[in-house]
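Undergrad: Dropping the structure in here first, questions after.
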Amino acid sequence: MKNSFLSICEKNCYICDQSQYQEASFTDKVKLNIHLLFCKSCKEYSRKNTALTQAIKKSKVKCICNKEKQKLQSLIDTEIQNAGSSK
Amino acid sequence: MPLNELHPEQWVQNHADYLYNYTIVRVNDEEIAQDIVQDTFLAALKAIPNFKGEAAERTWLFSILKRKIIDHYRKINSNKAKAEVRMQLSTDDGEESSNWIDERAEEDGLNADEIMENEELGLAIQSCLSKLPKKQAQVFTMKTIEGLDTETICNELNMTSSNLWVIIHRARKGLADCLQENWFKN
């Protein structure tokens with residue numbers, strides 16, 4: 001019994017994550033909202049999760065995309081090798 | 001206190017995004033910011049023998065980055081020969097003058113305090129991100145910050161979508177807790 005309870009919460013957490021990326025279906029969102037009415041821990045998670053999304057949006061945090069990072073890494077690797085071989 | 005060590009082979013993974021975010025709010029151009037981060041790493045590689053191990057790796061890289069940003073402004077200022085854009089850098093620690101902050105504030109419709117706060121928040125998010133396990137940080141960054149499709153990420157990293165959501169969930173949980181601790185509390 002306890003297991004099935006856990007998995008309901010877990011499922012809803014995933015729906016909550018997906019809804020942060022606008023990727024949750026309508027029925028899922030309805031289910032989530034009903035669940036949030038009586039589940040304190042999921043409600044807390046949902047609150048934190050939304051705050052996280054807002055914080056990221058507000059901070060306009062950016063990143064170097066993966067391809068550029070790989071280029072940068074290989075540049076550094078060659079530099080390290082060059083330094084090593086010149087010693 | 002034990003001396004700190006440098007791990008140049010992990011610099012990109014561990015510090016690139018953090019340094020990049022610090023730079024981008026200062027130069028306002030993604031390409032230039034990327035170049036400056038690259039220059040910083042290259043200069044740091046050359047300076048490895050001078051590293052005494054007193055500062056943490058990131059702090060040390062950071063001090064080089066700050067120099068590089070100042071150099072960048074020196075360069076464009078001399079190129080344009082006192083151009084219309086007057087970026088004044090104060091003499092001691094490279095902090096921008098209030099002038100510049102106010103100018104930028106008008107652009108965004110935010111006041112200087114809000115801009116500063118958002119920037120600090122960005123850095124807090126970055127440092128929380130770098131505390132996550134690497135896989136989680138990578139998937140979370142691709143999904144949330146690069147804004148890639150679930151499908152694209154799954155193809156690139158060779159994982160199933162349910163796998164991806166599990167990782168995203170752990171990452172979000174870790175990040176939320178870390179931010180709660182380091183940001184929302186204050």
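Quick note on naming: the chains in the structure tokens go A, B, ... in the order shown, residues restart at 1 in each chain, and ligands are numbered from 1 in order of appearance.
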Near B:Ile167, counting only C-alpha atoms, which residues have an atom at most 8 Å away, once you skip same-chain residues fewer than 3 positions from it, shown as a PyMOL selection string?
TA: chain B and resi 135-136+139-140+163-164+170-171
Undergrad: Which chain A residues are at most 10 Å from chain B (counting only C-alpha atoms), as a PyMOL selection string?
TA: chain A and resi 10+13-18+20-21+23+45+47-53+55-66+68-77+79-80+83
Undergrad: Expressed in Å to a single decimal, how great is the separation between atom CA of B:Lys75 and atom CA of A:Asn82?
TA: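 Separating atom CA of B:Lys75 from atom CA of A:Asn82 is a distance of 28.5 Å.
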Undergrad: Rounded to one decimal, what separation in Å do you get between atom CA of B:Asp113 and atom CA of B:Trp183?
TA: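 The value is 15.9 Å.
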Undergrad: Report, in Å with one decimal, the straight-line distance from atom CA of B:Thr40 to atom CA of B:Leu65.
TA: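 Computing the Euclidean distance for atom CA of B:Thr40 and atom CA of B:Leu65 yields 5.4 Å.
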Undergrad: List the neighbours of A:Cys9 out to 10 Å using only C-alpha atoms; skip same-chain residues closer than 5 positions along the sequence, and give me the result as a PyMOL selection string.
TA: chain A and resi 4+14-15+32+35-36+39+41-42
Undergrad: Residues of stretch 27-65 of chain A classed as helix (DSSP H, G or I) by DSSP on the backbone are to be reported as a VMD selection string.
TA: chain A and resid 27 to 38 40 to 59
